[in-house]
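*Asks:* Structure file input.pdb, PDB, C-alpha atoms, is pasted below:
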MODEL        1
ATOM      1  CA  MET W   1     147.591  97.625  59.216
ATOM      2  CA  PHE W   2     147.138  98.769  55.671
ATOM      3  CA  SER W   3     148.654  98.112  52.287
ATOM      4  CA  LEU W   4     150.167 101.136  50.523
ATOM      5  CA  GLU W   5     151.005 101.085  46.828
ATOM      6  CA  ILE W   6     152.584 104.148  45.242
ATOM      7  CA  THR W   7     151.945 104.627  41.536
ATOM      8  CA  LYS W   8     153.865 106.736  39.037
ATOM      9  CA  ASP W   9     150.907 108.950  38.180
ATOM     10  CA  TYR W  10     147.115 109.265  38.155
ATOM     11  CA  GLN W  11     146.742 107.079  35.069
ATOM     12  CA  GLU W  12     148.539 104.165  36.695
ATOM     13  CA  LEU W  13     146.568 104.728  39.915
ATOM     14  CA  SER W  14     143.301 104.490  37.960
ATOM     15  CA  GLU W  15     144.387 101.332  36.165
ATOM     16  CA  LYS W  16     145.480  99.668  39.419
ATOM     17  CA  ALA W  17     142.208 100.642  41.100
ATOM     18  CA  ALA W  18     140.169  99.164  38.254
ATOM     19  CA  GLU W  19     142.216  95.961  38.442
ATOM     20  CA  LEU W  20     141.344  95.579  42.121
ATOM     21  CA  VAL W  21     137.640  96.166  41.458
ATOM     22  CA  ALA W  22     137.747  93.689  38.571
ATOM     23  CA  LYS W  23     139.430  91.112  40.794
ATOM     24  CA  GLN W  24     136.624  91.507  43.327
ATOM     25  CA  LEU W  25     133.892  91.066  40.701
ATOM     26  CA  LYS W  26     135.551  88.015  39.183
ATOM     27  CA  LYS W  27     135.767  86.500  42.650
ATOM     28  CA  LYS W  28     132.156  87.324  43.515
ATOM     29  CA  ALA W  29     129.798  88.243  40.676
ATOM     30  CA  ASN W  30     127.106  89.636  42.978
ATOM     31  CA  SER W  31     129.430  91.872  44.958
ATOM     32  CA  VAL W  32     128.152  94.971  46.731
ATOM     33  CA  LEU W  33     130.308  97.939  45.761
ATOM     34  CA  GLY W  34     130.508 101.141  47.774
ATOM     35  CA  LEU W  35     131.123 103.942  45.291
ATOM     36  CA  ALA W  36     132.515 107.455  45.536
ATOM     37  CA  THR W  37     132.150 110.501  43.310
ATOM     38  CA  GLY W  38     134.531 113.339  42.532
ATOM     39  CA  SER W  39     137.537 113.633  40.258
ATOM     40  CA  THR W  40     139.748 111.002  41.919
ATOM     41  CA  PRO W  41     137.683 107.839  41.210
ATOM     42  CA  LEU W  42     136.700 109.048  37.731
ATOM     43  CA  GLY W  43     139.728 107.439  36.082
ATOM     44  CA  CYS W  44     138.950 104.141  37.768
ATOM     45  CA  TYR W  45     135.408 104.239  36.387
ATOM     46  CA  GLU W  46     136.733 104.979  32.908
ATOM     47  CA  GLN W  47     138.975 101.919  33.133
ATOM     48  CA  LEU W  48     136.091  99.744  34.369
ATOM     49  CA  VAL W  49     134.015 100.823  31.367
ATOM     50  CA  LYS W  50     136.904  99.829  29.067
ATOM     51  CA  LEU W  51     137.121  96.413  30.724
ATOM     52  CA  TYR W  52     133.361  95.943  30.381
ATOM     53  CA  LYS W  53     133.370  96.915  26.702
ATOM     54  CA  ALA W  54     136.251  94.489  26.141
ATOM     55  CA  GLY W  55     134.061  91.711  27.519
ATOM     56  CA  GLU W  56     136.186  91.225  30.630
ATOM     57  CA  LEU W  57     133.625  92.334  33.242
ATOM     58  CA  ASP W  58     129.967  91.662  33.942
ATOM     59  CA  PHE W  59     128.009  93.976  36.258
ATOM     60  CA  SER W  60     124.599  92.321  35.869
ATOM     61  CA  GLU W  61     124.563  90.914  39.409
ATOM     62  CA  VAL W  62     126.351  93.820  41.122
ATOM     63  CA  HIS W  63     124.640  96.079  43.664
ATOM     64  CA  SER W  64     126.062  99.487  44.517
ATOM     65  CA  VAL W  65     125.619 102.041  47.292
ATOM     66  CA  ASN W  66     127.011 105.518  46.878
ATOM     67  CA  LEU W  67     128.588 107.467  49.696
ATOM     68  CA  ASP W  68     126.669 110.696  49.448
ATOM     69  CA  GLU W  69     124.405 113.183  47.717
ATOM     70  CA  TYR W  70     123.846 116.921  47.932
ATOM     71  CA  ARG W  71     120.734 117.842  49.896
ATOM     72  CA  GLY W  72     118.318 119.752  47.678
ATOM     73  CA  LEU W  73     119.483 118.418  44.299
ATOM     74  CA  ALA W  74     117.206 116.175  42.257
ATOM     75  CA  ALA W  75     118.614 113.055  40.644
ATOM     76  CA  GLU W  76     118.218 114.696  37.224
ATOM     77  CA  ASP W  77     120.252 117.770  38.209
ATOM     78  CA  LYS W  78     123.524 117.786  36.267
ATOM     79  CA  ASN W  79     125.412 118.530  39.507
ATOM     80  CA  SER W  80     123.848 115.713  41.530
ATOM     81  CA  TYR W  81     125.919 112.678  42.383
ATOM     82  CA  ARG W  82     123.225 110.397  40.953
ATOM     83  CA  HIS W  83     123.703 112.167  37.614
ATOM     84  CA  PHE W  84     127.496 111.887  37.984
ATOM     85  CA  MET W  85     127.271 108.119  38.464
ATOM     86  CA  ASP W  86     124.744 107.616  35.654
ATOM     87  CA  GLU W  87     126.824 109.723  33.282
ATOM     88  CA  ASN W  88     130.249 108.304  34.085
ATOM     89  CA  LEU W  89     129.570 104.664  34.923
ATOM     90  CA  PHE W  90     126.061 103.230  35.200
ATOM     91  CA  SER W  91     124.883 104.162  31.691
ATOM     92  CA  LYS W  92     128.008 102.615  30.162
ATOM     93  CA  ILE W  93     127.882  99.167  31.782
ATOM     94  CA  ASN W  94     125.243  96.463  32.213
ATOM     95  CA  ILE W  95     124.417  97.170  35.848
ATOM     96  CA  VAL W  96     120.692  97.030  36.711
ATOM     97  CA  LYS W  97     119.624 100.575  37.573
ATOM     98  CA  GLU W  98     117.390  99.321  40.391
ATOM     99  CA  HIS W  99     120.529  97.813  41.940
ATOM    100  CA  THR W 100     122.222 101.229  42.196
ATOM    101  CA  HIS W 101     121.536 103.336  45.265
ATOM    102  CA  VAL W 102     122.259 106.969  46.099
ATOM    103  CA  PRO W 103     120.803 109.021  49.001
ATOM    104  CA  ASP W 104     117.642 110.928  48.110
ATOM    105  CA  GLY W 105     118.742 114.542  47.921
ATOM    106  CA  MET W 106     115.178 115.736  47.542
ATOM    107  CA  GLU W 107     113.965 114.290  50.847
ATOM    108  CA  GLU W 108     113.464 117.401  52.963
ATOM    109  CA  ASN W 109     113.099 115.508  56.227
ATOM    110  CA  ARG W 110     116.710 114.981  57.285
ATOM    111  CA  GLU W 111     115.963 112.224  59.788
ATOM    112  CA  LYS W 112     113.816 110.273  57.315
ATOM    113  CA  ALA W 113     116.402 110.589  54.547
ATOM    114  CA  CYS W 114     119.107 109.204  56.809
ATOM    115  CA  LYS W 115     116.993 106.340  58.172
ATOM    116  CA  ASP W 116     115.832 105.397  54.688
ATOM    117  CA  TYR W 117     119.379 105.202  53.356
ATOM    118  CA  ASP W 118     120.624 103.185  56.313
ATOM    119  CA  ALA W 119     117.792 100.741  55.641
ATOM    120  CA  LYS W 120     118.771 100.593  51.978
ATOM    121  CA  ILE W 121     122.401  99.821  52.861
ATOM    122  CA  LEU W 122     121.280  97.016  55.164
ATOM    123  CA  SER W 123     118.957  95.606  52.490
ATOM    124  CA  VAL W 124     121.724  95.039  49.942
ATOM    125  CA  GLY W 125     123.998  93.306  52.444
ATOM    126  CA  GLU W 126     127.541  93.858  53.612
ATOM    127  CA  ILE W 127     129.658  96.060  51.344
ATOM    128  CA  ASP W 128     132.345  93.873  49.775
ATOM    129  CA  LEU W 129     134.546  96.695  48.488
ATOM    130  CA  GLN W 130     134.264 100.380  49.380
ATOM    131  CA  ILE W 131     135.995 102.940  47.158
ATOM    132  CA  LEU W 132     136.980 106.194  48.861
ATOM    133  CA  GLY W 133     138.584 109.475  47.929
ATOM    134  CA  LEU W 134     140.211 111.799  50.450
ATOM    135  CA  GLY W 135     139.169 115.389  51.100
ATOM    136  CA  LEU W 136     141.691 118.134  51.721
ATOM    137  CA  ASP W 137     140.490 118.306  55.338
ATOM    138  CA  GLY W 138     140.529 114.524  55.731
ATOM    139  CA  HIS W 139     136.862 113.914  55.066
ATOM    140  CA  ILE W 140     135.652 110.630  53.606
ATOM    141  CA  GLY W 141     132.268 110.719  51.974
ATOM    142  CA  PHE W 142     131.024 114.054  53.268
ATOM    143  CA  ASN W 143     131.963 113.220  56.856
ATOM    144  CA  GLU W 144     133.665 116.475  57.779
ATOM    145  CA  PRO W 145     136.027 117.013  60.757
ATOM    146  CA  ALA W 146     133.944 116.774  63.936
ATOM    147  CA  ASP W 147     134.058 116.030  67.653
ATOM    148  CA  SER W 148     133.061 112.380  67.166
ATOM    149  CA  PHE W 149     132.843 109.748  64.455
ATOM    150  CA  SER W 150     129.404 109.358  62.881
ATOM    151  CA  LYS W 151     127.810 105.919  62.895
ATOM    152  CA  GLY W 152     125.029 105.922  60.322
ATOM    153  CA  THR W 153     123.921 108.133  57.470
ATOM    154  CA  ASN W 154     123.801 111.760  58.525
ATOM    155  CA  CYS W 155     123.080 115.200  57.154
ATOM    156  CA  VAL W 156     126.166 117.395  57.291
ATOM    157  CA  ARG W 157     126.761 121.085  56.791
ATOM    158  CA  LEU W 158     129.671 121.368  54.403
ATOM    159  CA  THR W 159     132.703 123.349  55.467
ATOM    160  CA  ASP W 160     133.810 126.415  53.518
ATOM    161  CA  GLU W 161     136.889 124.489  52.392
ATOM    162  CA  THR W 162     134.755 121.681  50.940
ATOM    163  CA  ILE W 163     132.385 124.123  49.259
ATOM    164  CA  GLU W 164     135.319 125.995  47.712
ATOM    165  CA  SER W 165     136.875 122.723  46.562
ATOM    166  CA  ASN W 166     133.632 121.601  44.907
ATOM    167  CA  GLN W 167     132.690 124.900  43.312
ATOM    168  CA  ARG W 168     134.681 123.932  40.210
ATOM    169  CA  PHE W 169     131.743 121.668  39.315
ATOM    170  CA  PHE W 170     129.264 124.555  39.557
ATOM    171  CA  GLN W 171     128.917 127.932  37.823
ATOM    172  CA  SER W 172     129.572 129.764  41.088
ATOM    173  CA  LYS W 173     130.287 129.170  44.757
ATOM    174  CA  GLU W 174     126.762 130.321  45.602
ATOM    175  CA  GLU W 175     125.298 127.406  43.628
ATOM    176  CA  VAL W 176     127.089 124.765  45.724
ATOM    177  CA  PRO W 177     124.633 123.211  48.206
ATOM    178  CA  GLN W 178     125.581 123.806  51.823
ATOM    179  CA  GLU W 179     124.347 120.441  53.087
ATOM    180  CA  ALA W 180     124.674 116.830  52.013
ATOM    181  CA  TYR W 181     123.511 113.393  53.068
ATOM    182  CA  THR W 182     126.434 111.034  53.635
ATOM    183  CA  MET W 183     126.990 107.447  54.616
ATOM    184  CA  GLY W 184     128.357 107.429  58.159
ATOM    185  CA  ILE W 185     131.867 106.458  59.235
ATOM    186  CA  GLY W 186     130.423 103.361  60.914
ATOM    187  CA  SER W 187     128.845 102.169  57.664
ATOM    188  CA  ILE W 188     132.011 102.860  55.705
ATOM    189  CA  PHE W 189     134.139 101.069  58.279
ATOM    190  CA  SER W 190     131.912  97.979  58.167
ATOM    191  CA  ALA W 191     132.907  97.247  54.559
ATOM    192  CA  LYS W 192     134.906  94.044  54.137
ATOM    193  CA  LYS W 193     137.546  95.823  52.049
ATOM    194  CA  ILE W 194     138.312  99.512  51.567
ATOM    195  CA  LEU W 195     140.201 101.038  48.650
ATOM    196  CA  LEU W 196     141.423 104.593  49.303
ATOM    197  CA  LEU W 197     142.478 106.540  46.196
ATOM    198  CA  VAL W 198     144.629 109.654  46.609
ATOM    199  CA  SER W 199     146.137 111.762  43.841
ATOM    200  CA  GLY W 200     148.052 115.021  43.602
ATOM    201  CA  LYS W 201     150.489 117.121  45.604
ATOM    202  CA  ALA W 202     147.647 118.976  47.345
ATOM    203  CA  LYS W 203     146.670 115.758  49.137
ATOM    204  CA  ALA W 204     150.170 114.882  50.392
ATOM    205  CA  GLU W 205     149.911 116.545  53.809
ATOM    206  CA  ILE W 206     146.452 115.230  54.659
ATOM    207  CA  LEU W 207     147.334 111.715  53.485
ATOM    208  CA  GLU W 208     150.299 111.694  55.866
ATOM    209  CA  LYS W 209     148.022 112.801  58.716
ATOM    210  CA  ALA W 210     145.404 110.202  57.837
ATOM    211  CA  LEU W 211     147.827 107.288  57.712
ATOM    212  CA  ARG W 212     150.511 108.267  60.241
ATOM    213  CA  GLY W 213     148.887 110.792  62.560
ATOM    214  CA  PRO W 214     146.712 110.193  65.633
ATOM    215  CA  VAL W 215     143.292 108.647  65.064
ATOM    216  CA  THR W 216     140.873 111.508  65.615
ATOM    217  CA  PRO W 217     137.476 112.633  64.288
ATOM    218  CA  ARG W 218     139.183 115.927  63.440
ATOM    219  CA  VAL W 219     140.780 113.914  60.615
ATOM    220  CA  PRO W 220     137.928 111.528  59.730
ATOM    221  CA  ALA W 221     140.013 109.343  57.391
ATOM    222  CA  SER W 222     142.415 108.534  60.255
ATOM    223  CA  ILE W 223     139.931 105.906  61.503
ATOM    224  CA  LEU W 224     140.898 103.830  58.466
ATOM    225  CA  GLN W 225     144.176 102.993  60.208
ATOM    226  CA  PHE W 226     142.154 100.495  62.264
ATOM    227  CA  HIS W 227     140.397  98.815  59.334
ATOM    228  CA  ARG W 228     140.948  95.095  58.834
ATOM    229  CA  ASP W 229     141.570  95.304  55.062
ATOM    230  CA  LEU W 230     142.594  98.740  53.761
ATOM    231  CA  THR W 231     144.454  99.251  50.502
ATOM    232  CA  VAL W 232     145.784 102.737  49.737
ATOM    233  CA  LEU W 233     146.666 103.670  46.172
ATOM    234  CA  ALA W 234     148.514 106.974  45.987
ATOM    235  CA  ASP W 235     150.443 108.521  43.146
ATOM    236  CA  GLU W 236     153.970 109.805  43.736
ATOM    237  CA  GLU W 237     152.828 113.380  44.345
ATOM    238  CA  ALA W 238     150.199 112.377  46.921
ATOM    239  CA  ALA W 239     152.672 110.072  48.674
ATOM    240  CA  SER W 240     155.477 112.631  48.768
ATOM    241  CA  ALA W 241     155.045 113.401  52.492
ATOM    242  CA  LEU W 242     155.206 109.745  53.524
ATOM    243  CA  SER W 243     158.577 108.435  54.634
TER     244      SER W 243
ENDMDL
END
Show the structure stored in the file as structure tokens.

*Replies:*
Amino acid sequence: MFSLEITKDYQELSEKAAELVAKQLKKKANSVLGLATGSTPLGCYEQLVKLYKAGELDFSEVHSVNLDEYRGLAAEDKNSYRHFMDENLFSKINIVKEHTHVPDGMEENREKACKDYDAKILSVGEIDLQILGLGLDGHIGFNEPADSFSKGTNCVRLTDETIESNQRFFQSKEEVPQEAYTMGIGSIFSAKKILLLVSGKAKAEILEKALRGPVTPRVPASILQFHRDLTVLADEEAASALS
């Protein structure tokens, strides 16, 4: 079972998402947050910064683990997900930088990078609230359609569709890394609560498949149908294919 709330637009979706995160932090000051990058959660982060600056939120005891990072990009690279998080959230709130964790994109040894990040996730404790976006092909994190669900952190080769979707953040398609390290489906699924954010008409078809279609690794997000505490926030355009 899951809870679905349809919002009027992206602004309302972002405000609702921030309210749910704020509720979690007020309930448990030292919460572990699973964080996502990309355009969809950006509005939520902007709202969280506003709440912090208004004196309504304290992040000093929070730990965070991010879903993914491009393989081959240094943390300082303007296109890295570490830079995205620092720029859009971490630098604007009072979170302790040592409490924020993102896969090491510069670790060339794929197996070591994955093992190290799994160990890091275990060290911070169970994720209290995991924020997710939804890819056009149903991916969550960078877990692309596959023949089986991944358990732990893994190195994935990005599909052409994902590369094309993400090229808007780069100067050209050729600059988009072809691989990424991503938290596995098993790690995502182990979170106590999951908040799935979906916005825009382009996501309507895949959202319907994820929530109402068969559970299959060909649509990675479909596994969320089995989660114990899933909340879906979708704006009217994204929810337009749901009856």

*Asks:* Counting only C-alpha atoms, which of W:Ala54, W:Val176, W:Val21, W:Leu230 gets nearest to Lys193 (chain W)?

*Replies:*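 Closest to Lys193 (chain W), using only C-alpha atoms: W:Leu230.
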
*Asks:* Quick check on the file I pasted: which residues fall under the PyMOL selection byres ((chain W and resi 150) around 10)? Write them as a list in words.

*Replies:*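 Answer for the PyMOL selection byres ((chain W and resi 150) around 10): Asn143, Glu144, Ala146, Asp147, Ser148, Phe149, Lys151, Gly152, Thr153, Asn154, Thr182, Met183, Gly184, Ile185, Gly186, Ser187, Pro217 and Pro220 of chain W.
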
*Asks:* Take the residues from that selection and put them in a file with C-alpha atoms, as a short mmCIF file (atom, residue, chain, number, x, y, z; two decimals), in the coordinates of the input.

*Replies:*
data_model
loop_
_atom_site.label_atom_id
_atom_site.label_comp_id
_atom_site.auth_asym_id
_atom_site.auth_seq_id
_atom_site.Cartn_x
_atom_site.Cartn_y
_atom_site.Cartn_z
CA ASN W 143 131.96 113.22 56.86
CA GLU W 144 133.66 116.48 57.78
CA ALA W 146 133.94 116.77 63.94
CA ASP W 147 134.06 116.03 67.65
CA SER W 148 133.06 112.38 67.17
CA PHE W 149 132.84 109.75 64.46
CA LYS W 151 127.81 105.92 62.90
CA GLY W 152 125.03 105.92 60.32
CA THR W 153 123.92 108.13 57.47
CA ASN W 154 123.80 111.76 58.52
CA THR W 182 126.43 111.03 53.64
CA MET W 183 126.99 107.45 54.62
CA GLY W 184 128.36 107.43 58.16
CA ILE W 185 131.87 106.46 59.24
CA GLY W 186 130.42 103.36 60.91
CA SER W 187 128.84 102.17 57.66
CA PRO W 217 137.48 112.63 64.29
CA PRO W 220 137.93 111.53 59.73
#

*Asks:* Please compute the CA of Leu57 (chain W)-CA of Lys27 (chain W) distance, one decimal, in Å.

*Replies:*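 Distance reported for this atom pair: 11.3 Å.
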
*Asks:* Could you give me, as JSON lines, every region 125-209 of chain W residue with an atom at most 10 Å from region 73-84 of chain W, plus its closest atom pair and distance in Å to one decimal, counting all atoms listed in the file, rows ordered by chain then number?

*Replies:*
{"residue": "W:Phe169", "atom": "CA", "partner": "W:Asn79", "partner_atom": "CA", "distance": 7.1}
{"residue": "W:Phe170", "atom": "CA", "partner": "W:Asn79", "partner_atom": "CA", "distance": 7.2}
{"residue": "W:Glu175", "atom": "CA", "partner": "W:Asn79", "partner_atom": "CA", "distance": 9.8}
{"residue": "W:Val176", "atom": "CA", "partner": "W:Asn79", "partner_atom": "CA", "distance": 9.0}
{"residue": "W:Pro177", "atom": "CA", "partner": "W:Leu73", "partner_atom": "CA", "distance": 8.0}
{"residue": "W:Ala180", "atom": "CA", "partner": "W:Leu73", "partner_atom": "CA", "distance": 9.4}

*Asks:* Just checking: using all atoms listed in the file, which residue out of W:Gln47, W:Gln167, W:Thr37, W:Asn109 ends up closest to Ala22 (chain W)?

*Replies:*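 Looking only at the distances to Ala22 (chain W), the closest residue turns out to be W:Gln47.
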
*Asks:* Find the residues around Glu12 (chain W) up to 10 Å (all atoms listed in the file counted), leave out those fewer than 6 positions away in its own chain, and share them as a ChimeraX atom specification.

*Replies:* /W:6,18,43-44,233-235

*Asks:* Write the selection just made, keeping C-alpha atoms, as an mmCIF file, in the coordinates of the input?

*Replies:*
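part16.cif, freshly written:
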data_model
loop_
_atom_site.group_PDB
_atom_site.id
_atom_site.type_symbol
_atom_site.label_atom_id
_atom_site.label_comp_id
_atom_site.auth_asym_id
_atom_site.auth_seq_id
_atom_site.Cartn_x
_atom_site.Cartn_y
_atom_site.Cartn_z
ATOM 1 C CA ILE W 6 152.584 104.148 45.242
ATOM 2 C CA ALA W 18 140.169 99.164 38.254
ATOM 3 C CA GLY W 43 139.728 107.439 36.082
ATOM 4 C CA CYS W 44 138.950 104.141 37.768
ATOM 5 C CA LEU W 233 146.666 103.670 46.172
ATOM 6 C CA ALA W 234 148.514 106.974 45.987
ATOM 7 C CA ASP W 235 150.443 108.521 43.146
#

*Asks:* Please reconstruct the missing atoms of region 72-82 of chain W (target: all heavy atoms) and return them as a PDB file, in the frame of the given file.

*Replies:*
ATOM      1  N   GLY W  72     118.988 118.732  48.468  1.00  0.00           N
ATOM      2  CA  GLY W  72     118.318 119.752  47.678  1.00  0.00           C
ATOM      3  C   GLY W  72     118.488 119.601  46.181  1.00  0.00           C
ATOM      4  O   GLY W  72     117.880 120.344  45.414  1.00  0.00           O
ATOM      5  N   LEU W  73     119.307 118.634  45.735  1.00  0.00           N
ATOM      6  CA  LEU W  73     119.483 118.418  44.299  1.00  0.00           C
ATOM      7  C   LEU W  73     118.722 117.169  43.871  1.00  0.00           C
ATOM      8  O   LEU W  73     118.853 116.104  44.470  1.00  0.00           O
ATOM      9  CB  LEU W  73     120.962 118.259  43.933  1.00  0.00           C
ATOM     10  CG  LEU W  73     121.864 119.480  44.085  1.00  0.00           C
ATOM     11  CD1 LEU W  73     123.201 119.223  43.397  1.00  0.00           C
ATOM     12  CD2 LEU W  73     121.224 120.748  43.537  1.00  0.00           C
ATOM     13  N   ALA W  74     117.939 117.310  42.812  1.00  0.00           N
ATOM     14  CA  ALA W  74     117.206 116.175  42.257  1.00  0.00           C
ATOM     15  C   ALA W  74     118.165 115.263  41.498  1.00  0.00           C
ATOM     16  O   ALA W  74     119.234 115.699  41.055  1.00  0.00           O
ATOM     17  CB  ALA W  74     116.112 116.676  41.320  1.00  0.00           C
ATOM     18  N   ALA W  75     117.765 114.017  41.343  1.00  0.00           N
ATOM     19  CA  ALA W  75     118.614 113.055  40.644  1.00  0.00           C
ATOM     20  C   ALA W  75     118.948 113.513  39.228  1.00  0.00           C
ATOM     21  O   ALA W  75     120.031 113.228  38.705  1.00  0.00           O
ATOM     22  CB  ALA W  75     117.931 111.692  40.605  1.00  0.00           C
ATOM     23  N   GLU W  76     118.021 114.258  38.609  1.00  0.00           N
ATOM     24  CA  GLU W  76     118.218 114.696  37.224  1.00  0.00           C
ATOM     25  C   GLU W  76     119.133 115.912  37.119  1.00  0.00           C
ATOM     26  O   GLU W  76     119.575 116.275  36.019  1.00  0.00           O
ATOM     27  CB  GLU W  76     116.864 115.036  36.586  1.00  0.00           C
ATOM     28  CG  GLU W  76     115.880 113.882  36.549  1.00  0.00           C
ATOM     29  CD  GLU W  76     115.206 113.635  37.891  1.00  0.00           C
ATOM     30  OE1 GLU W  76     115.205 114.578  38.728  1.00  0.00           O
ATOM     31  OE2 GLU W  76     114.723 112.513  38.111  1.00  0.00           O
ATOM     32  N   ASP W  77     119.399 116.581  38.231  1.00  0.00           N
ATOM     33  CA  ASP W  77     120.252 117.770  38.209  1.00  0.00           C
ATOM     34  C   ASP W  77     121.654 117.376  37.752  1.00  0.00           C
ATOM     35  O   ASP W  77     122.233 116.408  38.241  1.00  0.00           O
ATOM     36  CB  ASP W  77     120.306 118.393  39.615  1.00  0.00           C
ATOM     37  CG  ASP W  77     120.946 119.775  39.615  1.00  0.00           C
ATOM     38  OD1 ASP W  77     122.139 119.873  39.273  1.00  0.00           O
ATOM     39  OD2 ASP W  77     120.265 120.743  39.978  1.00  0.00           O
ATOM     40  N   LYS W  78     122.209 118.147  36.821  1.00  0.00           N
ATOM     41  CA  LYS W  78     123.524 117.786  36.267  1.00  0.00           C
ATOM     42  C   LYS W  78     124.642 117.819  37.300  1.00  0.00           C
ATOM     43  O   LYS W  78     125.716 117.260  37.074  1.00  0.00           O
ATOM     44  CB  LYS W  78     123.873 118.700  35.091  1.00  0.00           C
ATOM     45  CG  LYS W  78     124.028 120.157  35.448  1.00  0.00           C
ATOM     46  CD  LYS W  78     124.340 121.001  34.215  1.00  0.00           C
ATOM     47  CE  LYS W  78     124.452 122.477  34.533  1.00  0.00           C
ATOM     48  NZ  LYS W  78     125.569 122.794  35.435  1.00  0.00           N
ATOM     49  N   ASN W  79     124.404 118.481  38.451  1.00  0.00           N
ATOM     50  CA  ASN W  79     125.412 118.530  39.507  1.00  0.00           C
ATOM     51  C   ASN W  79     125.173 117.515  40.621  1.00  0.00           C
ATOM     52  O   ASN W  79     125.955 117.465  41.573  1.00  0.00           O
ATOM     53  CB  ASN W  79     125.462 119.940  40.110  1.00  0.00           C
ATOM     54  CG  ASN W  79     126.061 120.954  39.152  1.00  0.00           C
ATOM     55  OD1 ASN W  79     127.102 120.718  38.556  1.00  0.00           O
ATOM     56  ND2 ASN W  79     125.382 122.084  38.981  1.00  0.00           N
ATOM     57  N   SER W  80     124.109 116.720  40.497  1.00  0.00           N
ATOM     58  CA  SER W  80     123.848 115.713  41.530  1.00  0.00           C
ATOM     59  C   SER W  80     124.807 114.548  41.364  1.00  0.00           C
ATOM     60  O   SER W  80     125.334 114.286  40.275  1.00  0.00           O
ATOM     61  CB  SER W  80     122.404 115.209  41.437  1.00  0.00           C
ATOM     62  OG  SER W  80     122.246 114.321  40.337  1.00  0.00           O
ATOM     63  N   TYR W  81     125.030 113.834  42.442  1.00  0.00           N
ATOM     64  CA  TYR W  81     125.919 112.678  42.383  1.00  0.00           C
ATOM     65  C   TYR W  81     125.259 111.491  41.694  1.00  0.00           C
ATOM     66  O   TYR W  81     125.944 110.641  41.125  1.00  0.00           O
ATOM     67  CB  TYR W  81     126.406 112.328  43.787  1.00  0.00           C
ATOM     68  CG  TYR W  81     127.478 113.287  44.275  1.00  0.00           C
ATOM     69  CD1 TYR W  81     127.822 113.337  45.623  1.00  0.00           C
ATOM     70  CD2 TYR W  81     128.150 114.132  43.400  1.00  0.00           C
ATOM     71  CE1 TYR W  81     128.819 114.213  46.071  1.00  0.00           C
ATOM     72  CE2 TYR W  81     129.140 114.998  43.831  1.00  0.00           C
ATOM     73  CZ  TYR W  81     129.463 115.032  45.164  1.00  0.00           C
ATOM     74  OH  TYR W  81     130.443 115.888  45.600  1.00  0.00           O
ATOM     75  N   ARG W  82     123.920 111.419  41.733  1.00  0.00           N
ATOM     76  CA  ARG W  82     123.225 110.397  40.953  1.00  0.00           C
ATOM     77  C   ARG W  82     123.505 110.623  39.468  1.00  0.00           C
ATOM     78  O   ARG W  82     123.818 109.678  38.732  1.00  0.00           O
ATOM     79  CB  ARG W  82     121.726 110.452  41.248  1.00  0.00           C
ATOM     80  CG  ARG W  82     120.841 109.760  40.202  1.00  0.00           C
ATOM     81  CD  ARG W  82     121.191 108.295  39.993  1.00  0.00           C
ATOM     82  NE  ARG W  82     120.682 107.437  41.026  1.00  0.00           N
ATOM     83  CZ  ARG W  82     120.797 106.102  40.990  1.00  0.00           C
ATOM     84  NH1 ARG W  82     121.447 105.516  39.985  1.00  0.00           N
ATOM     85  NH2 ARG W  82     120.323 105.361  41.965  1.00  0.00           N
TER      86      ARG W  82
END
